[in-house]
$ cat my_file_30.pdb   # PDB, C-alpha atoms, pLDDT in the B column
MODEL        1
ATOM      1  CA  MET D  10       3.937 -15.055  -8.381  1.00 47.00           C
ATOM      2  CA  THR D  11       5.121 -18.593  -7.983  1.00 51.00           C
ATOM      3  CA  GLN D  12       3.316 -20.977  -5.658  1.00 56.00           C
ATOM      4  CA  ALA D  13       6.333 -21.012  -3.310  1.00 60.00           C
ATOM      5  CA  ILE D  14       6.163 -17.215  -2.900  1.00 66.00           C
ATOM      6  CA  SER D  15       2.396 -17.050  -2.482  1.00 70.00           C
ATOM      7  CA  THR D  16       2.508 -19.540   0.387  1.00 78.00           C
ATOM      8  CA  ARG D  17       5.143 -17.381   2.134  1.00 86.00           C
ATOM      9  CA  LEU D  18       3.364 -14.025   1.622  1.00 93.00           C
ATOM     10  CA  ALA D  19       2.564 -12.424   4.989  1.00 95.00           C
ATOM     11  CA  TRP D  20       1.834  -8.809   4.009  1.00 96.00           C
ATOM     12  CA  VAL D  21       2.257  -6.209   1.275  1.00 96.00           C
ATOM     13  CA  ALA D  22       4.060  -2.862   1.625  1.00 97.00           C
ATOM     14  CA  VAL D  23       3.014  -0.055  -0.728  1.00 96.00           C
ATOM     15  CA  ASP D  24       4.618   3.348  -1.280  1.00 95.00           C
ATOM     16  CA  TRP D  25       2.168   5.339  -3.374  1.00 93.00           C
ATOM     17  CA  GLY D  26       3.678   8.611  -4.522  1.00 90.00           C
ATOM     18  CA  SER D  27       2.326  11.364  -6.706  1.00 89.00           C
ATOM     19  CA  SER D  28       3.809   9.836  -9.877  1.00 91.00           C
ATOM     20  CA  ASN D  29       4.621   6.185  -9.067  1.00 93.00           C
ATOM     21  CA  LEU D  30       3.220   3.208  -7.209  1.00 95.00           C
ATOM     22  CA  ARG D  31       5.737   0.792  -5.672  1.00 96.00           C
ATOM     23  CA  ALA D  32       4.850  -2.425  -3.853  1.00 97.00           C
ATOM     24  CA  TRP D  33       6.709  -5.238  -2.112  1.00 97.00           C
ATOM     25  CA  ALA D  34       5.452  -8.717  -1.227  1.00 96.00           C
ATOM     26  CA  MET D  35       6.854  -9.478   2.240  1.00 96.00           C
ATOM     27  CA  ASP D  36       7.278 -12.653   4.263  1.00 94.00           C
ATOM     28  CA  ALA D  37       6.711 -12.880   8.026  1.00 94.00           C
ATOM     29  CA  GLY D  38      10.382 -12.175   8.733  1.00 95.00           C
ATOM     30  CA  GLY D  39      10.414  -8.975   6.676  1.00 94.00           C
ATOM     31  CA  ALA D  40      12.198 -10.395   3.620  1.00 94.00           C
ATOM     32  CA  VAL D  41      11.138  -9.127   0.198  1.00 96.00           C
ATOM     33  CA  LEU D  42       9.625 -11.911  -1.911  1.00 95.00           C
ATOM     34  CA  ALA D  43       8.757  -9.778  -4.950  1.00 94.00           C
ATOM     35  CA  GLU D  44       8.561  -6.127  -5.918  1.00 95.00           C
ATOM     36  CA  VAL D  45       6.875  -4.046  -8.590  1.00 95.00           C
ATOM     37  CA  GLU D  46       6.763  -0.418  -9.726  1.00 95.00           C
ATOM     38  CA  ALA D  47       4.191   1.246 -11.960  1.00 95.00           C
ATOM     39  CA  ALA D  48       3.653   4.776 -13.264  1.00 93.00           C
ATOM     40  CA  ARG D  49       0.264   4.925 -11.522  1.00 92.00           C
ATOM     41  CA  GLY D  50       0.761   7.832  -9.127  1.00 90.00           C
ATOM     42  CA  MET D  51      -2.045   9.345  -7.070  1.00 87.00           C
ATOM     43  CA  LEU D  52      -2.034  12.644  -8.962  1.00 86.00           C
ATOM     44  CA  GLY D  53      -2.788  10.897 -12.266  1.00 88.00           C
ATOM     45  CA  LEU D  54      -5.801   8.980 -10.950  1.00 88.00           C
ATOM     46  CA  ALA D  55      -9.374   9.781 -10.014  1.00 88.00           C
ATOM     47  CA  PRO D  56     -10.615   8.448  -6.653  1.00 87.00           C
ATOM     48  CA  ALA D  57     -12.624   5.717  -8.394  1.00 90.00           C
ATOM     49  CA  ASP D  58      -9.348   4.476  -9.966  1.00 91.00           C
ATOM     50  CA  TYR D  59      -7.384   3.945  -6.717  1.00 91.00           C
ATOM     51  CA  GLU D  60      -8.532   0.429  -5.894  1.00 92.00           C
ATOM     52  CA  PRO D  61      -8.358  -0.889  -9.493  1.00 95.00           C
ATOM     53  CA  ALA D  62      -4.867   0.619  -9.909  1.00 94.00           C
ATOM     54  CA  LEU D  63      -3.630  -1.051  -6.726  1.00 94.00           C
ATOM     55  CA  LEU D  64      -5.194  -4.402  -7.627  1.00 94.00           C
ATOM     56  CA  ALA D  65      -3.631  -4.243 -11.098  1.00 95.00           C
ATOM     57  CA  VAL D  66      -0.215  -4.073  -9.428  1.00 94.00           C
ATOM     58  CA  ILE D  67      -0.603  -6.478  -6.463  1.00 94.00           C
ATOM     59  CA  GLY D  68      -3.620  -8.580  -7.436  1.00 91.00           C
ATOM     60  CA  ASP D  69      -1.534 -11.588  -8.477  1.00 89.00           C
ATOM     61  CA  TRP D  70       0.025 -11.685  -5.019  1.00 90.00           C
ATOM     62  CA  LEU D  71      -3.263 -11.831  -3.121  1.00 88.00           C
ATOM     63  CA  PRO D  72      -4.688 -15.151  -1.968  1.00 85.00           C
ATOM     64  CA  ALA D  73      -7.855 -16.497  -3.550  1.00 81.00           C
ATOM     65  CA  GLN D  74      -9.242 -16.901  -0.029  1.00 83.00           C
ATOM     66  CA  GLY D  75      -8.545 -15.161   3.235  1.00 83.00           C
ATOM     67  CA  ARG D  76      -6.898 -11.820   3.838  1.00 89.00           C
ATOM     68  CA  ILE D  77      -3.453 -10.270   3.615  1.00 91.00           C
ATOM     69  CA  THR D  78      -2.492  -7.028   5.340  1.00 94.00           C
ATOM     70  CA  VAL D  79      -1.624  -4.253   2.876  1.00 94.00           C
ATOM     71  CA  LEU D  80       0.124  -1.233   4.419  1.00 93.00           C
ATOM     72  CA  VAL D  81       0.054   1.866   2.235  1.00 92.00           C
ATOM     73  CA  CYS D  82       2.077   5.032   2.782  1.00 91.00           C
ATOM     74  CA  GLY D  83       2.772   8.165   0.771  1.00 88.00           C
ATOM     75  CA  MET D  84       0.274  10.210  -1.226  1.00 85.00           C
ATOM     76  CA  ALA D  85      -2.521   7.755  -0.452  1.00 83.00           C
ATOM     77  CA  GLY D  86      -2.798   9.551   2.899  1.00 79.00           C
ATOM     78  CA  ALA D  87      -2.740  13.072   1.457  1.00 77.00           C
ATOM     79  CA  ARG D  88      -5.816  15.295   1.328  1.00 77.00           C
ATOM     80  CA  GLN D  89      -6.240  14.453  -2.387  1.00 76.00           C
ATOM     81  CA  GLY D  90      -5.348  10.783  -1.807  1.00 77.00           C
ATOM     82  CA  TRP D  91      -7.358   7.678  -1.038  1.00 81.00           C
ATOM     83  CA  ARG D  92      -7.992   8.579   2.594  1.00 80.00           C
ATOM     84  CA  GLU D  93      -6.533  11.601   4.319  1.00 80.00           C
ATOM     85  CA  ALA D  94      -4.210  10.988   7.250  1.00 79.00           C
ATOM     86  CA  PRO D  95      -4.065  14.547   8.598  1.00 78.00           C
ATOM     87  CA  TYR D  96      -1.034  16.046  10.293  1.00 81.00           C
ATOM     88  CA  ARG D  97      -0.917  16.006  14.081  1.00 81.00           C
ATOM     89  CA  PRO D  98       0.094  19.038  16.120  1.00 85.00           C
ATOM     90  CA  VAL D  99       3.614  18.975  17.509  1.00 88.00           C
ATOM     91  CA  PRO D 100       4.428  17.807  20.089  1.00 90.00           C
ATOM     92  CA  THR D 101       2.134  14.756  19.978  1.00 85.00           C
ATOM     93  CA  ALA D 102       2.156  11.747  22.261  1.00 86.00           C
ATOM     94  CA  LEU D 103       2.782   8.449  20.469  1.00 86.00           C
ATOM     95  CA  ASP D 104      -0.560   7.041  21.629  1.00 84.00           C
ATOM     96  CA  ALA D 105      -2.336   9.943  19.828  1.00 78.00           C
ATOM     97  CA  LEU D 106      -1.003   8.879  16.404  1.00 75.00           C
ATOM     98  CA  ALA D 107      -3.800   6.332  15.937  1.00 73.00           C
ATOM     99  CA  GLU D 108      -6.357   9.161  16.031  1.00 70.00           C
TER     100      GLU D 108
ENDMDL
END
$ encode --input "my_file_30.pdb" --output "structure tokens"
Amino acid sequence: MTQAISTRLAWVAVDWGSSNLRAWAMDAGGAVLAEVEAARGMLGLAPADYEPALLAVIGDWLPAQGRITVLVCGMAGARQGWREAPYRPVPTALDALAE
């Protein structure tokens, strides 16, 4: 990532499917600064491999100091994923989604 992009990075969006990992470096206005795709899906990894696989894809985007928000969706929230995000009963109030 070029210096100009790294200074504009506000957060990282990740869509982690069963067969692929896709990530986007985003600025504060929601514009895509960079994107990457890798054949590193959740179903082909052991739990100990999740963090190294993600860092291999987005590590160059991350600052040497400080923190960047990384939002992950997809299979990472499945029962066999990184951390389960269980289904909620329907109907569910919007304020119950954080549970």
$ closest_residue --input "my_file_30.pdb" --among "D:Arg88, D:Arg17, D:Arg31, D:Arg97" --to "Glu46 (chain D)" --atoms "all atoms listed in the file"
D:Arg31
$ resolve_selection --input "my_file_30.pdb" --expression "the PyMOL selection byres ((chain D and resi 51) around 8)" --output "list of chain:residue names"
D:Trp25, D:Gly26, D:Ser27, D:Ser28, D:Asn29, D:Arg49, D:Gly50, D:Leu52, D:Gly53, D:Leu54, D:Ala55, D:Tyr59, D:Met84, D:Ala85, D:Gly90
$ resolve_selection --input "my_file_30.pdb" --expression "the PyMOL selection byres ((chain D and resi 107) around 12)" --output "list in words"
Ala94, Pro95, Tyr96, Arg97, Thr101, Ala102, Leu103, Asp104, Ala105, Leu106 and Glu108 of chain D
$ closest_atom_pairs --input "my_file_30.pdb" --of "region 53-86 of chain D" --to "region 40-45 of chain D" --cutoff "10 Å" --atoms "only C-alpha atoms" --output "CSV"
residue,atom,partner,partner_atom,distance
D:Val66,CA,D:Val45,CA,7.1
D:Ile67,CA,D:Val45,CA,8.1
D:Trp70,CA,D:Ala43,CA,8.9
$ residues_around --input "my_file_30.pdb" --residues "Val23 (chain D)" --least-positions-apart "6" --cutoff "7 Å" --atoms "only C-alpha atoms" --output "PDB file with C-alpha atoms, in the coordinates of the input"
ATOM      1  CA  ARG D  31       5.737   0.792  -5.672  1.00 96.00           C
ATOM      2  CA  ALA D  32       4.850  -2.425  -3.853  1.00 97.00           C
ATOM      3  CA  TRP D  33       6.709  -5.238  -2.112  1.00 97.00           C
ATOM      4  CA  LEU D  80       0.124  -1.233   4.419  1.00 93.00           C
ATOM      5  CA  VAL D  81       0.054   1.866   2.235  1.00 92.00           C
ATOM      6  CA  CYS D  82       2.077   5.032   2.782  1.00 91.00           C
TER       7      CYS D  82
END
$ resolve_selection --input "my_file_30.pdb" --expression "the PyMOL selection byres ((chain D and resi 19) around 7)" --output "ChimeraX atom specification"
/D:17-18,20,35-37,77
$ atom_distance --input "my_file_30.pdb" --atom1 "CA of Asp69 (chain D)" --atom2 "CA of Ala57 (chain D)"
20.6 Å
$ atom_distance --input "my_file_30.pdb" --atom1 "CA of Leu64 (chain D)" --atom2 "CA of Gly39 (chain D)"
21.7 Å
$ atom_distance --input "my_file_30.pdb" --atom1 "CA of Ser15 (chain D)" --atom2 "CA of Gly38 (chain D)"
14.6 Å
